[in-house]
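Everything below belongs to start_15.pdb, which stores PDB, C-alpha atoms and all ligand atoms.
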```pdb
ATOM      1  CA  MET T 156      56.285 -15.360 -19.440
ATOM      2  CA  ALA T 157      52.641 -14.495 -18.887
ATOM      3  CA  MET T 158      51.118 -13.970 -15.410
ATOM      4  CA  THR T 159      47.541 -14.005 -14.308
ATOM      5  CA  VAL T 160      46.258 -12.632 -11.019
ATOM      6  CA  ILE T 161      43.349 -14.509  -9.554
ATOM      7  CA  VAL T 162      41.481 -12.649  -6.826
ATOM      8  CA  VAL T 163      40.563 -14.968  -4.061
ATOM      9  CA  SER T 164      38.789 -12.464  -1.770
ATOM     10  CA  ALA T 165      38.451  -8.751  -1.109
ATOM     11  CA  GLY T 166      37.718  -7.114   2.248
ATOM     12  CA  GLY T 167      36.989  -3.539   3.253
ATOM     13  CA  GLY T 168      38.481  -1.495   6.065
ATOM     14  CA  GLN T 169      37.741   2.132   6.959
ATOM     15  CA  ASN T 170      39.788   3.594   4.153
ATOM     16  CA  THR T 171      41.130   0.684   2.160
ATOM     17  CA  THR T 172      40.282  -2.544   0.384
ATOM     18  CA  THR T 173      42.573  -5.522   0.815
ATOM     19  CA  PHE T 174      42.678  -8.009  -2.058
ATOM     20  CA  ASN T 175      43.864 -11.571  -1.409
ATOM     21  CA  ALA T 176      44.970 -13.115  -4.698
ATOM     22  CA  ASP T 177      47.067 -15.783  -6.258
ATOM     23  CA  ILE T 178      49.517 -15.014  -8.948
ATOM     24  CA  LEU T 179      49.329 -17.764 -11.584
ATOM     25  CA  LEU T 180      52.481 -18.193 -13.465
ATOM     26  CA  ALA T 181      52.097 -19.922 -16.783
ATOM     27  CA  GLY T 182      54.758 -20.746 -19.298
ATOM     28  CA  ASP T 183      56.800 -23.483 -20.661
ATOM     29  CA  HIS T 184      56.442 -25.512 -17.537
ATOM     30  CA  VAL T 185      53.800 -28.118 -17.257
ATOM     31  CA  GLY T 186      51.090 -27.432 -14.711
ATOM     32  CA  GLU T 187      50.617 -24.219 -12.836
ATOM     33  CA  ILE T 188      52.339 -22.422 -10.067
ATOM     34  CA  ARG T 189      50.320 -20.228  -7.688
ATOM     35  CA  VAL T 190      51.969 -17.628  -5.546
ATOM     36  CA  PRO T 191      49.701 -16.088  -2.825
ATOM     37  CA  MET T 192      49.802 -12.360  -2.528
ATOM     38  CA  SER T 193      47.908  -9.554  -0.802
ATOM     39  CA  VAL T 194      47.373  -5.996  -2.123
ATOM     40  CA  THR T 195      45.836  -3.170  -0.176
ATOM     41  CA  VAL T 196      44.454  -0.101  -2.012
ATOM     42  CA  GLU T 197      42.112   2.775  -1.139
ATOM     43  CA  HIS T 198      38.410   2.227  -1.673
ATOM     44  CA  GLU T 199      37.125   3.304  -4.998
ATOM     45  CA  MET T 200      33.756   4.747  -4.049
ATOM     46  CA  GLN T 201      30.704   4.880  -6.248
ATOM     47  CA  GLY T 202      28.467   7.961  -6.547
ATOM     48  CA  TRP T 203      26.240   9.012  -3.636
ATOM     49  CA  THR T 204      22.647   7.745  -3.601
ATOM     50  CA  SER T 205      19.793   9.281  -1.683
ATOM     51  CA  MET T 206      18.289   7.061   0.994
ATOM     52  CA  PRO T 207      14.505   6.542   0.731
ATOM     53  CA  ASN T 208      11.770   7.538   3.182
ATOM     54  CA  ASN T 209      12.890  11.138   3.606
ATOM     55  CA  VAL T 210      15.537  10.299   6.189
ATOM     56  CA  HIS T 211      17.819  13.072   4.835
ATOM     57  CA  ARG T 212      20.769  10.738   4.481
ATOM     58  CA  HIS T 213      22.739   9.411   1.545
ATOM     59  CA  TYR T 214      25.118   6.489   1.045
ATOM     60  CA  ARG T 215      27.752   5.091  -1.357
ATOM     61  CA  GLY T 216      29.504   1.795  -1.725
ATOM     62  CA  CYS T 217      32.991   0.761  -2.789
ATOM     63  CA  GLU T 218      33.396  -0.605  -6.303
ATOM     64  CA  HIS T 219      35.468  -3.476  -5.033
ATOM     65  CA  CYS T 220      34.384  -4.398  -1.574
ATOM     66  CA  ASP T 221      31.283  -4.304   0.589
ATOM     67  CA  PHE T 222      32.321  -1.113   2.343
ATOM     68  CA  ILE T 223      29.383   1.319   2.635
ATOM     69  CA  GLU T 224      29.680   4.983   3.667
ATOM     70  CA  GLU T 225      26.581   6.860   4.919
ATOM     71  CA  ASN T 226      26.076  10.529   5.810
ATOM     72  CA  ASP T 227      23.529  13.293   6.449
ATOM     73  CA  CYS T 228      22.400  15.175   3.378
ATOM     74  CA  GLU T 229      23.808  18.662   2.961
ATOM     75  CA  TYR T 230      21.027  20.856   1.656
ATOM     76  CA  GLY T 231      21.276  24.087  -0.247
ATOM     77  CA  GLN T 232      18.853  27.051  -0.017
ATOM     78  CA  TRP T 233      15.110  26.622   0.150
ATOM     79  CA  LEU T 234      13.397  27.442  -3.122
ATOM     80  CA  THR T 235       9.777  27.668  -4.170
ATOM     81  CA  HIS T 236       8.605  24.986  -6.528
ATOM     82  CA  ASN T 237       4.928  25.359  -7.443
ATOM     83  CA  ASP T 238       3.045  25.006  -4.142
ATOM     84  CA  GLU T 239       6.009  23.525  -2.347
ATOM     85  CA  HIS T 240       9.203  24.603  -0.696
ATOM     86  CA  ARG T 241      12.103  22.479  -1.791
ATOM     87  CA  ARG T 242      15.807  22.212  -1.063
ATOM     88  CA  THR T 243      18.231  19.896  -2.791
ATOM     89  CA  CYS T 244      21.139  17.977  -1.320
ATOM     90  CA  THR T 245      24.347  19.272  -2.850
ATOM     91  CA  ILE T 246      25.878  15.806  -2.566
ATOM     92  CA  CYS T 247      23.250  13.291  -3.689
ATOM     93  CA  THR T 248      20.748  15.628  -5.439
ATOM     94  CA  GLY T 249      17.914  14.156  -3.394
ATOM     95  CA  PHE T 250      15.426  16.809  -2.230
ATOM     96  CA  ASP T 251      13.485  17.726   0.864
ATOM     97  CA  SER T 252      10.078  19.295   0.185
ATOM     98  CA  HIS T 253       6.804  20.250   1.857
ATOM     99  CA  LEU T 254       3.570  22.040   0.977
ATOM    100  CA  ILE T 255       3.875  25.749   1.698
ATOM    101  CA  ALA T 256       2.190  26.591   5.026
ATOM    102  CA  TRP T 257       2.382  30.356   5.577
ATOM    103  CA  GLY T 258       1.928  31.717   9.087
ATOM    104  CA  THR T 259       0.081  34.923   9.876
ATOM    105  CA  TRP T 260       1.231  38.263   8.494
ATOM    106  CA  SER T 261       3.376  40.483  10.682
ATOM    107  CA  ALA T 262       2.195  44.019  11.440
ATOM    108  CA  TRP T 263       2.879  46.469   8.636
ATOM    109  CA  ASP T 264       6.172  48.289   9.098
ATOM    110  CA  THR T 265       6.492  51.951   8.161
ATOM    111  CA  GLY T 266       8.750  51.157   5.245
ATOM    112  CA  ASN T 267      10.122  54.051   3.233
ATOM    113  CA  ALA T 268       8.584  57.305   2.025
ATOM    114  CA  VAL T 269       6.403  55.531  -0.516
ATOM    115  CA  THR T 270       5.550  52.048   0.671
ATOM    116  CA  HIS T 271       4.919  49.926   3.765
ATOM    117  CA  ASN T 272       5.717  46.244   4.071
ATOM    118  CA  ARG T 273       4.756  43.123   5.981
ATOM    119  CA  ASN T 274       5.999  39.560   5.931
ATOM    120  CA  ARG T 275       5.145  36.017   6.934
ATOM    121  CA  THR T 276       7.167  32.880   7.483
ATOM    122  CA  CYS T 277       6.502  29.254   6.533
ATOM    123  CA  THR T 278       5.441  27.391   9.677
ATOM    124  CA  VAL T 279       6.986  24.067   8.682
ATOM    125  CA  PRO T 280       9.785  23.309  11.165
ATOM    126  CA  GLY T 281      13.216  23.913   9.668
ATOM    127  CA  CYS T 282      11.885  25.948   6.755
ATOM    128  CA  THR T 283      13.264  29.487   6.568
ATOM    129  CA  MET T 284      11.210  30.788   3.648
ATOM    130  CA  THR T 285       9.510  34.162   4.067
ATOM    131  CA  ASN T 286       7.049  36.090   1.952
ATOM    132  CA  GLU T 287       6.759  39.900   1.812
ATOM    133  CA  GLU T 288       3.924  42.175   0.742
ATOM    134  CA  THR T 289       4.331  45.843  -0.167
ATOM    135  CA  GLY T 290       1.637  48.524  -0.382
ATOM    136  CA  ALA T 291       1.518  52.260  -1.047
ATOM    137  CA  HIS T 292       0.970  54.596   1.927
ATOM    138  CA  ASP T 293      -2.201  56.672   2.121
ATOM    139  CA  GLU T 294      -2.793  59.794   4.255
ATOM    140  CA  ASN T 295      -6.189  58.816   5.587
ATOM    141  CA  ASP T 296      -5.376  58.799   9.307
ATOM    142  CA  ILE T 297      -5.995  62.468  10.108
ATOM    143  CA  ARG T 298      -5.130  63.496  13.664
ATOM    144  CA  ALA T 299      -6.655  66.290  15.746
ATOM    145  CA  TRP T 300      -5.801  69.924  15.087
ATOM    146  CA  THR T 301      -3.033  71.300  17.280
ATOM    147  CA  GLN T 302      -2.149  74.906  18.016
ATOM    148  CA  GLY T 303       0.583  75.358  15.424
ATOM    149  CA  ASP T 304       1.990  78.868  15.143
ATOM    150  CA  ASP T 305       0.607  82.409  15.248
ATOM    151  CA  VAL T 306      -0.936  82.074  11.801
ATOM    152  CA  ASN T 307      -1.985  78.474  11.349
ATOM    153  CA  HIS T 308      -3.089  75.485  13.310
ATOM    154  CA  SER T 309      -1.854  72.164  12.053
ATOM    155  CA  ARG T 310      -2.774  68.526  12.047
ATOM    156  CA  ALA T 311      -0.728  65.488  11.172
ATOM    157  CA  ARG T 312      -1.720  63.044   8.472
ATOM    158  CA  HIS T 313      -0.555  59.480   8.931
ATOM    159  CA  CYS T 314      -0.835  56.368   6.806
ATOM    160  CA  SER T 315      -3.994  54.559   7.912
ATOM    161  CA  VAL T 316      -2.332  51.188   7.313
ATOM    162  CA  CYS T 317       1.079  51.522   8.985
ATOM    163  CA  SER T 318       0.685  54.816  10.952
ATOM    164  CA  ARG T 319       3.763  56.402   9.324
ATOM    165  CA  PHE T 320       3.713  60.205   9.627
ATOM    166  CA  MET T 321       3.160  61.557   6.123
ATOM    167  CA  SER T 322       2.512  65.304   6.227
ATOM    168  CA  ASN T 323       1.381  68.284   8.245
ATOM    169  CA  GLU T 324      -1.768  70.043   7.103
ATOM    170  CA  LEU T 325      -1.923  73.789   7.848
ATOM    171  CA  GLN T 326      -5.002  75.962   8.085
ATOM    172  CA  ALA T 327      -5.442  79.579   9.183
ATOM    173  CA  HIS T 328      -6.811  80.065  12.713
ATOM    174  CA  THR T 329     -10.481  80.957  12.980
ATOM    175  CA  TRP T 330     -10.417  83.955  15.308
ATOM    176  CA  PRO T 331     -13.647  85.213  16.879
ATOM    177  CA  ALA T 332     -14.029  88.885  17.818
ATOM    178  CA  PHE T 333     -12.153  89.916  20.959
ATOM    179  CA  GLY T 334     -14.149  90.207  24.155
ATOM    180  CA  ASN T 335     -13.787  92.964  26.747
ATOM    181  CA  TRP T 336     -10.492  94.322  27.971
ATOM    182  CA  THR T 337      -9.604  93.335  31.495
ATOM    183  CA  ASN T 338      -7.350  95.175  33.907
ATOM    184  CA  LEU T 339      -3.885  93.593  33.884
ATOM    185  CA  ASN T 340      -1.796  95.843  36.114
ATOM    186  CA  ALA T 341      -1.285  99.514  37.004
ATOM    187  CA  THR T 342      -0.406 100.445  33.448
ATOM    188  CA  GLN T 343      -1.954  97.897  31.109
ATOM    189  CA  HIS T 344      -5.094  96.021  30.229
ATOM    190  CA  THR T 345      -5.376  92.860  28.177
ATOM    191  CA  ARG T 346      -7.820  90.784  26.177
ATOM    192  CA  THR T 347      -7.641  87.282  24.777
ATOM    193  CA  ARG T 348      -9.477  85.319  22.112
ATOM    194  CA  ILE T 349      -9.286  81.620  21.370
ATOM    195  CA  CYS T 350      -9.296  79.919  17.974
ATOM    196  CA  THR T 351     -12.683  78.254  17.566
ATOM    197  CA  THR T 352     -11.412  75.276  15.587
ATOM    198  CA  VAL T 353     -11.952  72.186  17.724
ATOM    199  CA  GLY T 354      -8.690  70.869  19.107
ATOM    200  CA  CYS T 355      -6.672  74.022  18.399
ATOM    201  CA  ASP T 356      -7.818  76.367  21.171
ATOM    202  CA  ARG T 357      -4.782  78.572  20.573
ATOM    203  CA  PRO T 358      -5.099  81.823  22.544
ATOM    204  CA  GLN T 359      -4.196  85.195  21.086
ATOM    205  CA  THR T 360      -3.616  87.998  23.577
ATOM    206  CA  GLU T 361      -3.397  91.743  23.071
ATOM    207  CA  THR T 362      -2.062  94.138  25.664
ATOM    208  CA  GLU T 363      -2.051  97.915  25.614
ATOM    209  CA  ASN T 364      -1.683 100.805  28.056
ATOM    210  CA  HIS T 365      -4.707 102.050  29.933
ATOM    211  CA  ALA T 366      -6.444 105.015  28.309
ATOM    212  CA  TRP T 367      -6.972 107.174  31.392
ATOM    213  CA  GLU T 368      -9.830 109.674  31.397
ATOM    214  CA  TRP T 369     -10.766 112.028  34.234
ATOM    215  CA  ALA T 370     -14.255 111.684  35.685
ATOM    216  CA  SER T 371     -16.084 113.012  38.689
ATOM    217  CA  ASP T 372     -19.255 112.909  40.737
ATOM    218  CA  ALA T 373     -20.496 115.331  43.356
ATOM    219  CA  VAL T 374     -17.914 114.266  45.909
ATOM    220  CA  HIS T 375     -14.896 112.749  44.125
ATOM    221  CA  HIS T 376     -12.756 113.009  41.046
ATOM    222  CA  TRP T 377     -10.756 110.067  39.661
ATOM    223  CA  GLN T 378      -9.250 108.578  36.532
ATOM    224  CA  HIS T 379     -10.716 105.556  34.831
ATOM    225  CA  CYS T 380      -9.775 103.561  31.762
ATOM    226  CA  GLY T 381     -12.751 104.391  29.551
ATOM    227  CA  THR T 382     -15.570 101.902  29.320
ATOM    228  CA  ALA T 383     -17.462 103.152  26.284
ATOM    229  CA  ASN T 384     -18.692 100.383  24.008
ATOM    230  CA  ASN T 385     -17.006 100.034  20.657
ATOM    231  CA  ALA T 386     -18.699  99.140  17.357
ATOM    232  CA  ALA T 387     -18.765  95.468  18.272
ATOM    233  CA  GLY T 388     -20.772  96.288  21.404
ATOM    234  CA  THR T 389     -17.977  95.370  23.762
ATOM    235  CA  ALA T 390     -16.305  97.631  26.246
ATOM    236  CA  SER T 391     -13.403  99.359  24.547
ATOM    237  CA  ARG T 392     -11.517  99.769  27.775
ATOM    238  CA  CYS T 393     -11.131  97.899  31.014
ATOM    239  CA  GLY T 394     -12.677 100.202  33.601
ATOM    240  CA  ALA T 395      -9.629 100.329  35.856
ATOM    241  CA  GLU T 396      -9.556 103.315  38.220
ATOM    242  CA  GLN T 397      -6.852 105.363  39.940
ATOM    243  CA  ASN T 398      -6.280 108.643  41.814
ATOM    244  CA  ARG T 399      -9.729 108.796  43.415
ATOM    245  CA  ALA T 400      -9.936 111.778  45.817
ATOM    246  CA  GLU T 401     -12.457 114.220  47.202
ATOM    247  CA  HIS T 402     -12.726 117.504  45.351
ATOM    248  CA  THR T 403     -10.587 120.329  46.620
ATOM    249  CA  TRP T 404     -13.044 123.167  46.305
ATOM    250  CA  GLY T 405     -11.691 126.620  45.518
ATOM    251  CA  ALA T 406     -12.944 130.058  46.419
ATOM    252  CA  TRP T 407     -16.594 130.938  45.982
ATOM    253  CA  SER T 408     -17.815 133.079  43.168
ATOM    254  CA  PHE T 409     -21.227 134.560  43.325
ATOM    255  CA  ASN T 410     -23.934 136.611  41.704
ATOM    256  CA  PHE T 411     -27.094 137.952  43.178
ATOM    257  CA  THR T 412     -28.925 134.662  43.407
ATOM    258  CA  HIS T 413     -26.211 131.942  43.492
ATOM    259  CA  HIS T 414     -22.751 131.108  44.708
ATOM    260  CA  TRP T 415     -20.458 128.508  43.082
ATOM    261  CA  GLN T 416     -16.972 127.088  43.308
ATOM    262  CA  PHE T 417     -14.632 124.951  41.150
ATOM    263  CA  CYS T 418     -12.434 122.017  42.131
ATOM    264  CA  THR T 419      -8.832 123.230  42.133
ATOM    265  CA  HIS T 420      -7.409 119.964  40.838
ATOM    266  CA  PRO T 421      -5.854 120.821  37.452
ATOM    267  CA  ASN T 422      -7.623 117.937  35.652
ATOM    268  CA  CYS T 423     -10.991 118.241  37.356
ATOM    269  CA  THR T 424     -13.653 120.456  35.822
ATOM    270  CA  ARG T 425     -16.238 119.838  38.488
ATOM    271  CA  SER T 426     -18.086 122.855  39.934
ATOM    272  CA  ARG T 427     -20.961 123.162  42.302
ATOM    273  CA  THR T 428     -23.559 125.893  42.318
ATOM    274  CA  GLU T 429     -26.093 126.665  45.042
ATOM    275  CA  ASP T 430     -28.683 129.267  45.811
ATOM    276  CA  HIS T 431     -27.412 131.525  48.566
ATOM    277  CA  ASN T 432     -28.244 130.230  52.012
ATOM    278  CA  TRP T 433     -29.757 133.357  53.385
ATOM    279  CA  GLY T 434     -29.776 133.661  57.141
ATOM    280  CA  PRO T 435     -32.479 135.325  59.230
ATOM    281  CA  TRP T 436     -33.299 138.931  58.705
ATOM    282  CA  ALA T 437     -31.886 141.254  61.368
ATOM    283  CA  ASN T 438     -33.097 144.755  62.239
ATOM    284  CA  GLN T 439     -30.261 147.197  61.678
ATOM    285  CA  GLY T 440     -31.926 150.002  63.689
ATOM    286  CA  ASP T 441     -31.568 152.415  60.797
ATOM    287  CA  GLY T 442     -34.857 151.634  59.106
ATOM    288  CA  THR T 443     -33.432 148.611  57.312
ATOM    289  CA  CYS T 444     -33.041 144.928  57.936
ATOM    290  CA  ARG T 445     -30.566 142.594  56.363
ATOM    291  CA  SER T 446     -29.682 138.931  55.903
ATOM    292  CA  VAL T 447     -26.289 137.373  55.143
ATOM    293  CA  CYS T 448     -25.503 134.159  53.176
ATOM    294  CA  VAL T 449     -24.478 131.743  55.916
ATOM    295  CA  THR T 450     -22.230 129.897  53.475
ATOM    296  CA  ASN T 451     -20.020 132.915  53.734
ATOM    297  CA  CYS T 452     -19.710 133.018  49.966
ATOM    298  CA  GLY T 453     -18.556 136.611  49.782
ATOM    299  CA  ILE T 454     -21.764 138.638  49.575
ATOM    300  CA  PRO T 455     -21.662 140.702  52.805
ATOM    301  CA  TYR T 456     -25.399 140.864  53.067
ATOM    302  CA  ARG T 457     -28.560 141.913  51.422
ATOM    303  CA  SER T 458     -30.233 144.882  52.951
ATOM    304  CA  TYR T 459     -33.662 146.385  52.482
ATOM    305  CA  PRO T 460     -35.874 148.975  54.201
ATOM    306  CA  HIS T 461     -38.297 147.353  56.581
ATOM    307  CA  ALA T 462     -41.365 146.039  54.866
ATOM    308  CA  MET T 463     -43.961 147.347  57.291
ATOM    309  CA  SER T 464     -47.393 145.807  57.413
ATOM    310  CA  GLY T 465     -49.783 146.554  60.242
ATOM    311  CA  GLY T 466     -46.868 148.294  62.085
ATOM    312  CA  VAL T 467     -44.547 145.298  61.895
ATOM    313  CA  CYS T 468     -41.706 144.474  59.372
ATOM    314  CA  VAL T 469     -42.735 141.261  57.679
ATOM    315  CA  ARG T 470     -39.037 140.171  57.337
ATOM    316  CA  CYS T 471     -37.321 141.061  60.641
ATOM    317  CA  GLY T 472     -40.365 141.692  62.910
ATOM    318  CA  ALA T 473     -39.247 145.281  63.775
ATOM    319  CA  SER T 474     -42.049 147.543  64.910
TER
HETATM  320 ZN    ZN B   1      22.187  13.638   0.139
HETATM  321 ZN    ZN B   2       8.236  26.064   3.896
HETATM  322 ZN    ZN B   3       1.743  53.130   5.289
HETATM  323 ZN    ZN B   4      -6.437  77.558  15.471
HETATM  324 ZN    ZN B   5      -7.517  99.923  30.944
HETATM  325 ZN    ZN B   6     -12.387 117.731  41.743
HETATM  326 ZN    ZN B   7     -23.981 132.725  49.064
HETATM  327 ZN    ZN B   8     -37.046 144.507  58.677
END
```
Take the structure from the file and write it as structure tokens.
Amino acid sequence: MAMTVIVVSAGGGQNTTTFNADILLAGDHVGEIRVPMSVTVEHEMQGWTSMPNNVHRHYRGCEHCDFIEENDCEYGQWLTHNDEHRRTCTICTGFDSHLIAWGTWSAWDTGNAVTHNRNRTCTVPGCTMTNEETGAHDENDIRAWTQGDDVNHSRARHCSVCSRFMSNELQAHTWPAFGNWTNLNATQHTRTRICTTVGCDRPQTETENHAWEWASDAVHHWQHCGTANNAAGTASRCGAEQNRAEHTWGAWSFNFTHHWQFCTHPNCTRSRTEDHNWGPWANQGDGTCRSVCVTNCGIPYRSYPHAMSGGVCVRCGAS
């Protein structure tokens, strides 16, 4: 016996389609017999189709009923396509695209030892595409000289684009001649010179012990650190002074015309010499007159016979 199913209607629910049908039995009997029946099966959905007008949605319908399912597109990664950015829905293959609209470049970063980098981002809302540029560092940003070490001053070279520190340039200090020594303390003097390279200004200082020399004038002896000029025309010593004192004169020595004495200080060579300071002539009552050195230098006196002239001694006035 053959059977034929005649679909009378089909209706869609959320997940299923319900068919209302008649089963037509045909056979030896005359006429036909219809038996109503109802079958419910899951929808059999067609492929997804992109919705027009860039609404970013797609839909699909059931093969059997009027059930329609609709959903947001699910896009993959943005890609560059000529002058556009484009992303494709992984479900319906419809795409979302716009003309590339780059924003402004970021500042250069300092990158790695060789290159610096900057980037920009597409300004279209929702677009995540970025664009990077890479360039080689230079060393054209040359900073001021700094003091460095005892031998060299140094200056940093930076990349003029990204400011990355690149290298340190070294150069020997440019020392001028030293100036005069100055008195530092009881035992030492010092002198300083400054590197003439602009920005460095590193000082270099020498210190040494005073070079004491004895000196004297008519009244005092003392020690000073010598002040003679050296070959460069500057004072070779600082001029400091110590141990200033008045001479300690020793015993007189004498000859017929002069008396003299030396300072007894072991390091002082000063002496002073004078003509005798003869006092007035005095009549000795024995035909002579005499005069003594009032400095009391050791000569007891000088004594001569009266030098009579017109009955009177011209030296002592005896008559
Ligand atoms: Zn889609
Ligand atoms: Zn974009
Ligand atoms: Zn750089
Ligand atoms: Zn220097
Ligand atoms: Zn000195
Ligand atoms: Zn003396
Ligand atoms: Zn004398
Ligand atoms: Zn006399």
Q.
How would you report the residues lying within 10 Å of ligand ZN 5 (chain B), as a PyMOL selection string, if you count all atoms listed in the file?
A. chain T and resi 336-345+362-367+379-382+391-396
Per-residue nearest contacts range 343-376 of chain T to range 404-416 of chain T, cut-off 12 Å, using all atoms listed in the file, as CSV:
```
residue,atom,partner,partner_atom,distance
T:Ala373,CA,T:Trp404,CA,11.2
T:Val374,CA,T:Trp404,CA,10.2
T:His375,CA,T:Trp404,CA,10.8
T:His376,CA,T:Trp404,CA,11.4
```
Give me the residues of chain T that have any atom at most 7 Å from an atom of ligand ZN 6 (chain B); for each, the nearest atom pair and the distance in Å, rounded to one decimal. Use all atoms listed in the file, sort by chain and number, and format it as a tab-separated table.
```
residue	atom	partner	partner_atom	distance
T:Ser371	CA	B:ZN6	ZN	6.7
T:His375	CA	B:ZN6	ZN	6.1
T:His376	CA	B:ZN6	ZN	4.8
T:Glu401	CA	B:ZN6	ZN	6.5
T:His402	CA	B:ZN6	ZN	3.6
T:Thr403	CA	B:ZN6	ZN	5.8
T:Cys418	CA	B:ZN6	ZN	4.3
T:Thr419	CA	B:ZN6	ZN	6.6
T:His420	CA	B:ZN6	ZN	5.5
T:Cys423	CA	B:ZN6	ZN	4.6
T:Thr424	CA	B:ZN6	ZN	6.6
T:Arg425	CA	B:ZN6	ZN	5.5
```
Q | 10 Å contact set for Gly303 in chain T, all atoms listed in the file, chain neighbours under 4 positions out, as a list in words | A | Asn307, His308, Ser309, Arg310, Leu325, Gln326, Ala327, His328, Cys355 and Arg357 of chain T
Keeping only C-alpha atoms, take the residues you just selected and write them out as a JSON list (two decimals), in the coordinates of the input.
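Below you can see part-v2.json, which holds the result:
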```
[["chain", "number", "residue", "atom", "x", "y", "z"],
["T", 307, "ASN", "CA", -1.98, 78.47, 11.35],
["T", 308, "HIS", "CA", -3.09, 75.48, 13.31],
["T", 309, "SER", "CA", -1.85, 72.16, 12.05],
["T", 310, "ARG", "CA", -2.77, 68.53, 12.05],
["T", 325, "LEU", "CA", -1.92, 73.79, 7.85],
["T", 326, "GLN", "CA", -5.00, 75.96, 8.09],
["T", 327, "ALA", "CA", -5.44, 79.58, 9.18],
["T", 328, "HIS", "CA", -6.81, 80.06, 12.71],
["T", 355, "CYS", "CA", -6.67, 74.02, 18.40],
["T", 357, "ARG", "CA", -4.78, 78.57, 20.57]]
```
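Here CA of Glu324 in chain T is placed at a distance of 15.0 Å from CA of Asp305 in chain T.
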Q) Which of these, T:Ala462, T:Cys282, T:Ala268, T:Val469, has the shortest distance to ligand ZN 3 (chain B) once you count all atoms listed in the file? A) T:Ala268
Using the chain letters and numbers from the file, which residues does the PyMOL selection byres (((chain T and resi 258) around 6) and not hetatm) grab, as a short mmCIF file (atom, residue, chain, number, x, y, z; two decimals) with C-alpha atoms, in the frame of the given file?
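What follows is the written file out.cif:
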```cif
data_model
loop_
_atom_site.label_atom_id
_atom_site.label_comp_id
_atom_site.auth_asym_id
_atom_site.auth_seq_id
_atom_site.Cartn_x
_atom_site.Cartn_y
_atom_site.Cartn_z
CA TRP T 257 2.38 30.36 5.58
CA THR T 259 0.08 34.92 9.88
CA ARG T 275 5.14 36.02 6.93
CA THR T 276 7.17 32.88 7.48
CA CYS T 277 6.50 29.25 6.53
CA THR T 278 5.44 27.39 9.68
#
```
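Residues lying at most 12 Å from (-41.4, 144.6, 65.1) in file coordinates, with only C-alpha atoms considered, are Trp436, Ala437, Asn438, Gln439, Gly440, Gly442, Thr443, Cys444, His461, Ala462, Met463, Ser464, Gly465, Gly466, Val467, Cys468, Val469, Arg470, Cys471, Gly472, Ala473 and Ser474 of chain T.
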Q.
I need the output of the PyMOL selection byres (((not hetatm)) within 12 of (chain B and resi 3)) for this file as a PyMOL selection string; which residues are they?
A. chain T and resi 262-273+289-296+312-321
Check which residues of chain T sit at most 6 Å from ligand ZN 7 (chain B) using only C-alpha atoms and all ligand atoms, and return one row each with the closest pair of atoms and their distance in Å to one decimal, ordered by chain and rising number, as a tab-separated table.
```
residue	atom	partner	partner_atom	distance
T:His414	CA	B:ZN7	ZN	4.8
T:His431	CA	B:ZN7	ZN	3.7
T:Asn432	CA	B:ZN7	ZN	5.8
T:Cys448	CA	B:ZN7	ZN	4.6
T:Thr450	CA	B:ZN7	ZN	5.5
T:Cys452	CA	B:ZN7	ZN	4.4
```
Q: May I ask for the distance between CA of Asp251 in chain T and CA of Thr285 in chain T, given in Å to one decimal place?
A: 17.2 Å
Near ligand ZN 1 (chain B), 10 Å: chain T residue rows, closest pairs, only C-alpha atoms and all ligand atoms, as JSON lines:
```
{"residue": "T:Trp203", "atom": "CA", "partner": "B:ZN1", "partner_atom": "ZN", "distance": 7.2}
{"residue": "T:Thr204", "atom": "CA", "partner": "B:ZN1", "partner_atom": "ZN", "distance": 7.0}
{"residue": "T:Ser205", "atom": "CA", "partner": "B:ZN1", "partner_atom": "ZN", "distance": 5.3}
{"residue": "T:Met206", "atom": "CA", "partner": "B:ZN1", "partner_atom": "ZN", "distance": 7.7}
{"residue": "T:Val210", "atom": "CA", "partner": "B:ZN1", "partner_atom": "ZN", "distance": 9.6}
{"residue": "T:His211", "atom": "CA", "partner": "B:ZN1", "partner_atom": "ZN", "distance": 6.4}
{"residue": "T:Arg212", "atom": "CA", "partner": "B:ZN1", "partner_atom": "ZN", "distance": 5.4}
{"residue": "T:His213", "atom": "CA", "partner": "B:ZN1", "partner_atom": "ZN", "distance": 4.5}
{"residue": "T:Tyr214", "atom": "CA", "partner": "B:ZN1", "partner_atom": "ZN", "distance": 7.8}
{"residue": "T:Glu225", "atom": "CA", "partner": "B:ZN1", "partner_atom": "ZN", "distance": 9.4}
{"residue": "T:Asn226", "atom": "CA", "partner": "B:ZN1", "partner_atom": "ZN", "distance": 7.5}
{"residue": "T:Asp227", "atom": "CA", "partner": "B:ZN1", "partner_atom": "ZN", "distance": 6.5}
{"residue": "T:Cys228", "atom": "CA", "partner": "B:ZN1", "partner_atom": "ZN", "distance": 3.6}
{"residue": "T:Glu229", "atom": "CA", "partner": "B:ZN1", "partner_atom": "ZN", "distance": 6.0}
{"residue": "T:Tyr230", "atom": "CA", "partner": "B:ZN1", "partner_atom": "ZN", "distance": 7.5}
{"residue": "T:Thr243", "atom": "CA", "partner": "B:ZN1", "partner_atom": "ZN", "distance": 8.0}
{"residue": "T:Cys244", "atom": "CA", "partner": "B:ZN1", "partner_atom": "ZN", "distance": 4.7}
{"residue": "T:Thr245", "atom": "CA", "partner": "B:ZN1", "partner_atom": "ZN", "distance": 6.7}
{"residue": "T:Ile246", "atom": "CA", "partner": "B:ZN1", "partner_atom": "ZN", "distance": 5.1}
{"residue": "T:Cys247", "atom": "CA", "partner": "B:ZN1", "partner_atom": "ZN", "distance": 4.0}
{"residue": "T:Thr248", "atom": "CA", "partner": "B:ZN1", "partner_atom": "ZN", "distance": 6.1}
{"residue": "T:Gly249", "atom": "CA", "partner": "B:ZN1", "partner_atom": "ZN", "distance": 5.6}
{"residue": "T:Phe250", "atom": "CA", "partner": "B:ZN1", "partner_atom": "ZN", "distance": 7.8}
{"residue": "T:Asp251", "atom": "CA", "partner": "B:ZN1", "partner_atom": "ZN", "distance": 9.6}
```
